[in-house]
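Working notes, beginning with the structure itself.
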Amino acid sequence: MTEGGNARKEVSAEDVRHVARLARLRLSEEEVGAYRERLSAIVGYVDRLRGLDLSGADAMGEQPVGVGDLGADAPGPTLSPGTLTAMAPDSYEDFVRVPRVMDGGGGGA
Amino acid sequence: MTLALSDARSIVHAVHTQEASAREVTGKALRAMGTVEPRLRAFLCAFEAEALRAADLVDARVEAGERPALAGVPVAIKDNICLGPDLMKVGDGRGYGGATTAGSRILRGYRSPFTATAAQRLIDAGAIVLGKTNLDEFGMGSSTEHSAFGVTRNPWDTSRVPGGSSGGSAAAVAAGVCPISLGSDTGGSIRQPAAHCGVVGLKPTYGRVSRLGLVAYASSLDQVGPIAANVADAALCLRVIAGHDAGDATSAREPVPDYEESLRGACDGLVIGVPGQARSSANDPELTDAFEASLHVLRGLGAEVVSVDMPMLDHAIAAYYVLAPAEASSNLARYDGVRYGQRAGLSAGEGLRDLYERSRSEGFGDEVKRRIMLGTYALSGGYYDHYYATATRVRGLLRDAFGRALATCGVIATPATPGPAFPIGGKTADPLAMYLEDVYTVGVNLAGLPAVSVPMGMARRDAKPLPLGLQLIGAPFQEASLLRVAAMFERARGPLGHGPEVRAT
């Protein structure tokens with residue numbers, strides 16, 4: 001570790017596999033080991049926030065500075081179907097083509 | 001023509017007075033790019049024919065009596081800032097082509113259908129885009145080593161990194177290819193490479209510059225800003241790109257002052273706050289000396305230097321590496337191999353989930369995957385309160401602490417980085433060591449403040465001089481006073497050595 005001897009928190013291989021599944025990433029077993037190692041070090045470092053006295057803090061940190069200028073809730077110009085399908089890796093007429101989802105297509109979510 | 005490519009204002013003056021044409025300046029900049037590029041690899045693509053055509057259009061505007069603010073100024077644009085295909089009628093109507101990769105395999109071949117507001121404002125003001133610059137993939141990194149398209153080298157020592165993530169933009173300016181480039185800064189990605197390359201880098205207040213057309217990394221932290229050869233050119237660029245944009249709900253309606261005009265003035269009565277962390281014993285010793293010498297220069301300009309106590313700053317990196325990856329994991333969910341970008345080739349029997357997983361796993365690099373994993377972990381069931389909610393509270397306390405310090409001090413000063421540029425490969429094996437590069441910069445993003453990095457001195461490694469940056473932090477929307485202090489410091493400090501080893505003449 002680089003600074004200050006932080007407590008390491010162990011992220012398990014099961015955690016890594018679970019998170020990868022949530023993140024739609026496919027990892028080899030070798031990668032699971034590598035991510036486990038690196039994530040443990042990083043999570044151990046950010047765990048230092050745990051012991052802080054956060055009294056008096058609201059969660060306003062989520063609000064960026066000087067924001068609150070929402071536009072009218074009205075339709076505006078959008079990109080044409082032709083522009084959008086031209087960007088897609090695979091398309092048919094005005095549609096984006098994907099692998100079969102139903103009937104043995106491997107499932108969506 | 002003896003026009004220097006390191007001074008945007010004299011280029012503008014020469015083009016306005018028709019002492020030089022935009023075409024001549026552009027030709028010179030393209031030749032400069034050709035000279036240094038084989039050794040630096042700062043650019044991912046070059047727009048040679050397009051730039052010359054664009055220059056002709058600027059010359060025609062000048063001929064017609066227009067005086068565009070950046071007439072004929074060559075610029076480089078970080079490749080996470082979109083340039084659309086129909087940007088202008090250049091290159092047989094194909095514009096700049098639209099290619100935008102964000103340094104990622106997953107966007108190889110992608111063509112942006114529209115142009116980022118900040119880039120459009122530069123072009124409308126007569127700037128000539130030379131090319132798109134290299135970056136850490138999606139802006140995630142501090143060395144430009146995490147690009148899918150190769151490493152950019154530091155013009156001062158090509159065995160070292162230029163910093164990152166806007167490493168290509170900083171290297172291009174440092175090497176004298178162009179006086180101004182655009183970068184983006186989520187945790188230090190403008191200021192840190194500017195410091196490592198010996199140029200000026202400004203991260204504006206969150207909301208000062210539109211983010212429309214910036215490839216999102218962490219939306220509550222991302223901000224577009226200039227990297228420039230000098231403070232006055234950074235001010236000139238900011239005046240052009242700043243201001244409200246209906247296309248970005250977080251862009252502010254604050255008026256845009258004449259930043260160049262505000263460079264004049266004095267530092268008398270200015271109080272400069274220095275947090276204890278700025279003098280960390282972990283800093284490089286030559287950097288420590290350069291920082292103290294800089295404070296001495298500022299005192300000589302009439303400023304009073306005081307200590308400020310900001311214990312919350314110790315936790316900025318930890319909070320940042322929860323919040324930024326959390327936002328990234330959400331923002332990068334859009335790269336699913338369905339609507340745009342790279343799609344993995346599937347085998348028989350593979351379905352939609354395979355398409356998502358394989359496209360993302362093949363398309364994203366290691367550091368991006370690591371941050372997506374980290375962010376997903378921090379947001380996952382059972383951990384949200386522990387990590388994300390805690391980090392947002394730390395962020396709020398940090399913003400309060402900056403607010404209190406900036407109520408008594410006009411400016412807060414720290415080094416921009418803990419040391420000079422490090423060797424290529426020096427920190428890639430240890431992500432945390434790389435993250436700690438940003439120890440002085442991430443707090444500014446968490447608090448949404450403006451900050452500028454300006455060269456303050458030199459360290460020596462292997463008998464080569466390496467630049468060091470002074471970071472000046474200001475109150476929200478006080479870029480004008482920040483730039484004034486930076487300009488006075490730049491003038492009082494004087495020139496730094498004889499420039500980088502790779503530099504166009």
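Order determines the names: the first chain of the structure tokens is A, the second B, and so forth; residues in each chain are numbered 1 upward, and ligands are numbered 1 upward as they are shown.
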Within 6 Å of chain A: residues of chain B, using only C-alpha atoms, as a PyMOL selection string: chain B and resi 220+249-250+318+339-340+351-353+357+361+377+392-393+395-397+433+448
Please save N, CA, C and O atoms of the selected residues as a CSV table (one decimal), in the first residue's frame.
```csv
chain,number,residue,atom,x,y,z
B,220,SER,N,-21.6,14.6,-11.9
B,220,SER,CA,-21.7,15.7,-11.0
B,220,SER,C,-20.3,16.3,-10.8
B,220,SER,O,-20.2,17.3,-10.0
B,249,ALA,N,-28.6,21.1,-18.5
B,249,ALA,CA,-29.4,21.6,-17.4
B,249,ALA,C,-28.5,22.1,-16.2
B,249,ALA,O,-29.0,22.8,-15.4
B,250,THR,N,-27.3,21.6,-16.2
B,250,THR,CA,-26.4,22.0,-15.1
B,250,THR,C,-25.5,23.2,-15.5
B,250,THR,O,-24.7,23.6,-14.7
B,318,ALA,N,-10.7,9.3,-0.8
B,318,ALA,CA,-11.6,8.2,-0.4
B,318,ALA,C,-13.0,8.5,-0.9
B,318,ALA,O,-13.7,7.6,-1.5
B,339,ARG,N,-27.1,-0.1,-29.2
B,339,ARG,CA,-27.4,1.1,-29.9
B,339,ARG,C,-26.3,1.8,-30.7
B,339,ARG,O,-26.5,2.4,-31.7
B,340,TYR,N,-25.1,1.7,-30.1
B,340,TYR,CA,-23.9,2.3,-30.8
B,340,TYR,C,-22.7,1.7,-30.2
B,340,TYR,O,-22.8,1.0,-29.1
B,351,GLY,N,-27.3,-15.3,-26.2
B,351,GLY,CA,-28.5,-14.4,-26.2
B,351,GLY,C,-28.1,-13.0,-25.8
B,351,GLY,O,-26.9,-12.6,-25.9
B,352,LEU,N,-29.1,-12.2,-25.4
B,352,LEU,CA,-28.9,-10.8,-25.2
B,352,LEU,C,-27.9,-10.5,-24.0
B,352,LEU,O,-27.1,-9.6,-24.1
B,353,ARG,N,-28.1,-11.4,-23.0
B,353,ARG,CA,-27.1,-11.2,-21.9
B,353,ARG,C,-25.7,-11.4,-22.3
B,353,ARG,O,-24.8,-10.7,-21.9
B,357,GLU,N,-22.7,-8.7,-21.9
B,357,GLU,CA,-21.5,-9.0,-21.2
B,357,GLU,C,-20.2,-9.1,-22.1
B,357,GLU,O,-19.2,-8.6,-21.7
B,361,SER,N,-17.1,-6.5,-21.9
B,361,SER,CA,-15.9,-7.1,-21.4
B,361,SER,C,-14.8,-7.0,-22.5
B,361,SER,O,-13.6,-6.7,-22.1
B,377,TYR,N,-20.2,-2.1,-6.8
B,377,TYR,CA,-20.1,-2.6,-5.4
B,377,TYR,C,-20.6,-1.6,-4.4
B,377,TYR,O,-21.4,-1.9,-3.5
B,392,THR,N,-21.3,11.0,0.1
B,392,THR,CA,-22.0,12.2,-0.2
B,392,THR,C,-22.0,13.2,1.0
B,392,THR,O,-21.9,14.4,0.8
B,393,ARG,N,-22.0,12.6,2.2
B,393,ARG,CA,-21.9,13.5,3.4
B,393,ARG,C,-20.5,14.1,3.5
B,393,ARG,O,-20.4,15.3,3.9
B,395,ARG,N,-18.6,14.7,1.1
B,395,ARG,CA,-18.6,15.7,0.0
B,395,ARG,C,-19.2,17.0,0.5
B,395,ARG,O,-18.7,18.1,0.3
B,396,GLY,N,-20.4,16.9,1.2
B,396,GLY,CA,-21.0,18.1,1.7
B,396,GLY,C,-20.1,18.8,2.7
B,396,GLY,O,-20.0,20.1,2.7
B,397,LEU,N,-19.5,18.1,3.6
B,397,LEU,CA,-18.7,18.7,4.7
B,397,LEU,C,-17.4,19.3,4.0
B,397,LEU,O,-17.0,20.4,4.5
B,433,ALA,N,-1.8,3.9,-5.9
B,433,ALA,CA,-0.7,4.9,-6.0
B,433,ALA,C,-1.1,5.9,-7.1
B,433,ALA,O,-0.8,7.1,-7.0
B,448,GLY,N,-17.0,21.5,-6.4
B,448,GLY,CA,-17.5,22.2,-7.6
B,448,GLY,C,-16.8,23.5,-7.9
B,448,GLY,O,-17.4,24.4,-8.6
```
As an exercise, work out the distance from CA of Ser143 in chain B to CA of Val161 in chain B in Å and give it to one decimal place.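 Value for the CA of Ser143 in chain B-CA of Val161 in chain B distance: 5.5 Å.
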Helix (DSSP H, G or I) call set, DSSP backbone run, range 197-359 of chain B, as a PyMOL selection string: chain B and resi 197+231-241+261-263+276-279+285-300+311-334+352-359
Please, what distance in Å, to one decimal, runs between CA of Gly198 in chain B and CA of Gly469 in chain B? 7.1 Å
In terms of only C-alpha atoms, the residue from A:Glu29, A:Asp94, A:Ala34, A:Ser12 at minimal distance from Asp366 in chain B is A:Ala34
Quick one: residues within 12 Å of Ser251 in chain B, only C-alpha atoms counted, chain neighbours fewer than 2 positions away excluded, as an NGL selection string? (:A and (64-71)) or (:B and (117-118 or 204-212 or 219-220 or 222-224 or 241-249 or 253-255 or 477))
For the atom pair CA of Asn230 in chain B and CA of Val454 in chain B, what is the interatomic distance in Å to one decimal place?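 The value is 8.3 Å.
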If DSSP is run on the backbone, what residues of range 86-295 of chain B are strand (DSSP E or B)? A reply as a ChimeraX atom specification would be ideal. /B:99,111,128-133,154,157,160,180-184,200-203,209,214,224-228,242,271-275
Polymer residues at most 10 Å from Val240 in chain B, only C-alpha atoms, same-chain spacing of 5 or more positions, as a list in words: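 Everything that qualifies: Ala69, Leu70, Ala118, Ala119, Gln120, Arg121, Leu122, Ile123, Asp124, Ala125, Val209, Ala235, Val256, Asp258 and Tyr259 of chain B.
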With distances taken over only C-alpha atoms, which residue among B:Leu346, B:Ala413, B:Met458, B:Leu374 lies nearest Pro285 in chain B? B:Met458
List the spatial neighbours of Val274 in chain B as an MDAnalysis selection string - criterion: any atom at most 7 Å away, only C-alpha atoms, same-chain residues fewer than 4 positions off excluded. chainID B and resid 278 306:308 412:414
Just the selected residues (N, CA and C atoms), exported as a JSON list (two decimals), in the first residue's frame, please.
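Listed below is the output, part08.json:
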```
[["chain", "number", "residue", "atom", "x", "y", "z"],
["B", 278, "ALA", "N", -1.04, 20.80, 2.03],
["B", 278, "ALA", "CA", -0.21, 21.29, 0.92],
["B", 278, "ALA", "C", 1.27, 21.11, 1.22],
["B", 306, "VAL", "N", -1.73, 32.78, 4.69],
["B", 306, "VAL", "CA", -2.14, 32.29, 6.01],
["B", 306, "VAL", "C", -2.40, 30.78, 5.94],
["B", 307, "SER", "N", -2.29, 30.11, 7.09],
["B", 307, "SER", "CA", -2.62, 28.69, 7.14],
["B", 307, "SER", "C", -4.12, 28.52, 7.33],
["B", 308, "VAL", "N", -4.68, 27.53, 6.65],
["B", 308, "VAL", "CA", -6.09, 27.20, 6.89],
["B", 308, "VAL", "C", -6.18, 25.72, 7.28],
["B", 412, "ILE", "N", -7.09, 29.72, -2.37],
["B", 412, "ILE", "CA", -6.38, 28.67, -1.63],
["B", 412, "ILE", "C", -5.29, 28.12, -2.55],
["B", 413, "ALA", "N", -4.09, 27.97, -2.00],
["B", 413, "ALA", "CA", -2.97, 27.49, -2.81],
["B", 413, "ALA", "C", -2.48, 26.14, -2.31],
["B", 414, "THR", "N", -2.24, 25.24, -3.25],
["B", 414, "THR", "CA", -1.61, 23.94, -2.96],
["B", 414, "THR", "C", -0.72, 23.60, -4.16]]
```
